[in-house]
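For reference, the structure is listed below as structure tokens.
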Amino acid sequence: MNRRQALATFGLVTAISLGDTWGGLAQDLPEFLKGHELKKPLNQLKIGFSALGRGTNSYSAIVYDIMEKRSEELGMELVILDGGTDPGVQAQQIPTMITKQVDVAVVWPINSGAILPSIKLLYDAKIPILILDSRIPEEGVKYTVAFTGADHYKEAYNTGLLMAKALDGKGNLLEITGLPGYDVTQLRIDGIADALKQYPDIKLLDIQPADWSQEKGQTLTESWITRFGDQIDGIVAADGGSGAGAMYAVRAAVEDGRLQSGHIKFTDVSLFTPNYDAILTGEYYGGVLQPPQTEGKLAFENAVKIAEGIEVPKEILFEGPVLTKENAAQYERPNW
């Protein structure tokens, strides 16, 4: 083989090698990576995902599905650590990411304070961290690269204003909150409370957690119906799952003749499919549409960028629209 033939062969082998390494030419890269130089082959990336349990509700299940689907599409390994709703289990699982030598850790904190030692553990192991959905205390932020999630306070504030409108500024209200110790839970409590401060004629009869669970939301509302009966004018929920549970409990009480049909108004911070359908019929007053698809997409894409050494903003937030009967049909029906 002469020198010219050798150089040509070397060039061909190099081109094939680069094609294999980077998953093809630049135009074959996913849109969110185009224009960026990658430091590692996509099919060699390993993403750690420590999260609130898939079975907690349909919202978390869809986020899991998106993380899995996108990882598979790009040939990446996804290390899933499902913590359920137990912060102790999540803490025990975190070292697995270090053992597996993941390129980036996506952490969905079950308890914002309890996760701090685990975050420090990942940081000390030089694993870049993306926090998903629930913020951690300020002292832990320095160990993380970025946060992605909804603007939970603003969405909750809008939900509180919506309830005030539904009640025409006066009446007796019950509030269902999320999982205790979860940052999102407190943000949503604060947002609703701040909105309702403007309406002194709205009285909060009780506020209780339902842990993001439809079943617990329904059971809690059943007990409230026994306690308060027709004193109840409205129920505001921290999430669509427990909001749907509240609606089902009230619906059953109406069918039994214990409550007046249409009297109790419902709003929540992240509408699920049953709530959306009930908005269209007028049974449910309204709420904020917060698609888990958006949550999962932002988390996955920014995690990959971090793993590839691409700079991302410290905060990547999204805000869902407020839906009522007047505008709900303009939005695609949620499938969660």
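Simple scheme: letters A, B, ... for chains in structure tokens order, numbers from 1 for residues in each chain, numbers from 1 for ligands in the order shown.
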- Residue neighbourhood A:Asp168, 12 Å, only C-alpha atoms, exclusion window fewer than 5 positions, as an MDAnalysis selection string: chainID A and resid 161:163 196 199:202 233:234 265
- What are the DSSP helix (DSSP H, G or I) residues of stretch 5-170 of chain A, as a ChimeraX atom specification? /A:5-22,26-28,31-33,42-44,58-73,87-93,95-100,116-124,138-141,152-166
- Message: When you look at A:Ala150 with a cut-off of 6 Å (counting only C-alpha atoms), what residues show up, excluding the ones that are within fewer than 4 positions of it in the same chain? I need them as a list in words.
- Response: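 What passes the distance filter is Leu317, Phe318 and Glu319 of chain A.
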Now that the selection is made, can you save its residues with N, CA and C atoms as a short mmCIF file (atom, residue, chain, number, x, y, z; two decimals), in the first residue's frame?
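Resulting contents of part03.cif:
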```cif
data_model
loop_
_atom_site.label_atom_id
_atom_site.label_comp_id
_atom_site.auth_asym_id
_atom_site.auth_seq_id
_atom_site.Cartn_x
_atom_site.Cartn_y
_atom_site.Cartn_z
N LEU A 317 -37.38 26.59 34.59
CA LEU A 317 -38.74 26.53 35.11
C LEU A 317 -39.77 26.57 33.99
N PHE A 318 -40.93 25.98 34.26
CA PHE A 318 -42.07 26.14 33.36
C PHE A 318 -43.31 26.41 34.20
N GLU A 319 -44.30 27.03 33.58
CA GLU A 319 -45.53 27.39 34.29
C GLU A 319 -46.72 26.95 33.45
#
```
- Could you name the residues that touch A:Gln186 at 10 Å or less, counting only C-alpha atoms, but leaving out those on the same chain fewer than 6 positions away, as number ranges by chain? A: 152-153, 177-180, 192, 238
Please produce a file of those selected residues containing C-alpha atoms, as an mmCIF file, in the first residue's frame.
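out_16.cif, written as the output of this step:
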```cif
data_model
loop_
_atom_site.group_PDB
_atom_site.id
_atom_site.type_symbol
_atom_site.label_atom_id
_atom_site.label_comp_id
_atom_site.auth_asym_id
_atom_site.auth_seq_id
_atom_site.Cartn_x
_atom_site.Cartn_y
_atom_site.Cartn_z
ATOM 1 C CA HIS A 152 -45.023 25.531 41.982
ATOM 2 C CA TYR A 153 -45.592 28.649 44.062
ATOM 3 C CA THR A 177 -51.937 19.169 50.679
ATOM 4 C CA GLY A 178 -49.197 16.883 49.341
ATOM 5 C CA LEU A 179 -46.541 14.723 50.929
ATOM 6 C CA PRO A 180 -45.239 16.241 54.215
ATOM 7 C CA ILE A 192 -52.621 29.103 47.935
ATOM 8 C CA ALA A 238 -52.348 20.418 45.899
#
```
- Write out as an MDAnalysis selection string which residues come within 9 Å of A:Leu204 when counting only C-alpha atoms, dropping same-chain ones fewer than 2 positions away. chainID A and resid 171:175 202 206:207
- Query: Can you tell me, as a list in words, what residues are no more than 9 Å from A:Gly241 when counting only C-alpha atoms, ignoring any on the same chain fewer than 2 positions away?
  - Reply: Asn57, Ser58, Tyr59, Trp212, Ser213, Gln214, Glu215, Gly217, Ala237, Ala238, Asp239, Gly243, Ala244, Gly245, Ala246, Ser270, Leu271, Phe272, Pro274 and Asn275 of chain A
Generate the output file for the selected residues, C-alpha atoms, as a short mmCIF file (atom, residue, chain, number, x, y, z; two decimals), in the first residue's frame.
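Written output follows (again_23.cif):
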```
data_model
loop_
_atom_site.label_atom_id
_atom_site.label_comp_id
_atom_site.auth_asym_id
_atom_site.auth_seq_id
_atom_site.Cartn_x
_atom_site.Cartn_y
_atom_site.Cartn_z
CA ASN A 57 -49.52 8.68 40.91
CA SER A 58 -49.92 8.87 37.13
CA TYR A 59 -47.84 12.07 36.97
CA TRP A 212 -50.34 13.01 46.28
CA SER A 213 -52.75 10.05 46.42
CA GLN A 214 -56.20 9.86 44.85
CA GLU A 215 -57.27 7.20 47.33
CA GLY A 217 -57.75 12.35 48.89
CA ALA A 237 -56.13 20.34 46.26
CA ALA A 238 -52.35 20.42 45.90
CA ASP A 239 -52.51 17.99 42.97
CA GLY A 243 -58.42 16.56 43.75
CA ALA A 244 -60.02 13.76 41.74
CA GLY A 245 -60.40 11.75 44.95
CA ALA A 246 -62.19 14.68 46.58
CA SER A 270 -51.98 20.02 38.49
CA LEU A 271 -55.05 18.77 36.66
CA PHE A 272 -55.36 15.06 35.89
CA PRO A 274 -60.77 13.05 35.37
CA ASN A 275 -60.57 16.65 36.59
#
```
- Task: Can you work out which one of A:Pro109, A:Pro321, A:Gly240, A:Gly169 has the shortest atom-to-atom distance to A:Val184, counting only C-alpha atoms?
- Result: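 Nearest candidate to A:Val184 out of A:Pro109, A:Pro321, A:Gly240, A:Gly169: A:Pro109.
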- Which residue out of A:Gln231, A:Asn335, A:Asn327, A:Asn43 has the minimum interatomic distance to A:Tyr285 when only C-alpha atoms are used? A:Asn327
- Query: How far is it from atom CA of A:Ala156 to atom CA of A:Leu289, in Å with one decimal?
  - Reply: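 We find that atom CA of A:Ala156 and atom CA of A:Leu289 lie 11.3 Å from each other.
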- Message: I'd like the neighbourhood of A:Thr159 as a PyMOL selection string, where a residue qualifies if any of its atoms comes within 10 Å (using only C-alpha atoms), though same-chain residues fewer than 6 positions away should be ignored.
- Response: chain A and resi 153+165+188+191-192+195-196+236-238+266-270+286-288+322-323
Deliver the residues from the most recent selection as a file, using C-alpha atoms, as a CSV table (one decimal), in the first residue's frame.
```csv
chain,number,residue,atom,x,y,z
A,153,TYR,CA,-45.6,28.6,44.1
A,165,LYS,CA,-63.3,33.4,42.0
A,188,ARG,CA,-48.2,25.0,47.1
A,191,GLY,CA,-49.0,29.9,47.1
A,192,ILE,CA,-52.6,29.1,47.9
A,195,ALA,CA,-53.7,34.2,47.2
A,196,LEU,CA,-56.4,33.7,49.8
A,236,VAL,CA,-58.7,23.1,46.8
A,237,ALA,CA,-56.1,20.3,46.3
A,238,ALA,CA,-52.3,20.4,45.9
A,266,PHE,CA,-63.1,22.2,43.2
A,267,THR,CA,-59.7,23.6,42.0
A,268,ASP,CA,-56.2,22.0,42.0
A,269,VAL,CA,-52.6,22.7,41.1
A,270,SER,CA,-52.0,20.0,38.5
A,286,GLY,CA,-60.8,24.5,37.2
A,287,GLY,CA,-57.1,24.3,37.9
A,288,VAL,CA,-53.6,24.5,36.5
A,322,VAL,CA,-55.0,28.0,34.2
A,323,LEU,CA,-58.0,26.1,32.9
```
- Message: Restricting the calculation to only C-alpha atoms: of A:Ala61, A:Met67, A:Ile110, A:Ile47, which residue gets closest to A:Thr96?
- Response: A:Ile47
- Please give the complete set of residues from stretch 47-227 of chain A that DSSP, run on the backbone, assigns to strand (DSSP E or B), formatted as a PyMOL selection string. chain A and resi 47-51+77-82+104-107+129-132+146-150+171-177+202-209
- Query: So how many Å separate atom CA of A:Pro209 and atom CA of A:Leu81, to one decimal?
  - Reply: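 It comes out at 24.9 Å.
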- Item | Residue with smallest distance to A:Lys142 - pool A:Lys325, A:Lys314, A:Lys46, A:Arg227, counting only C-alpha atoms |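 The shortest atom-to-atom distance to A:Lys142 comes from A:Lys314.
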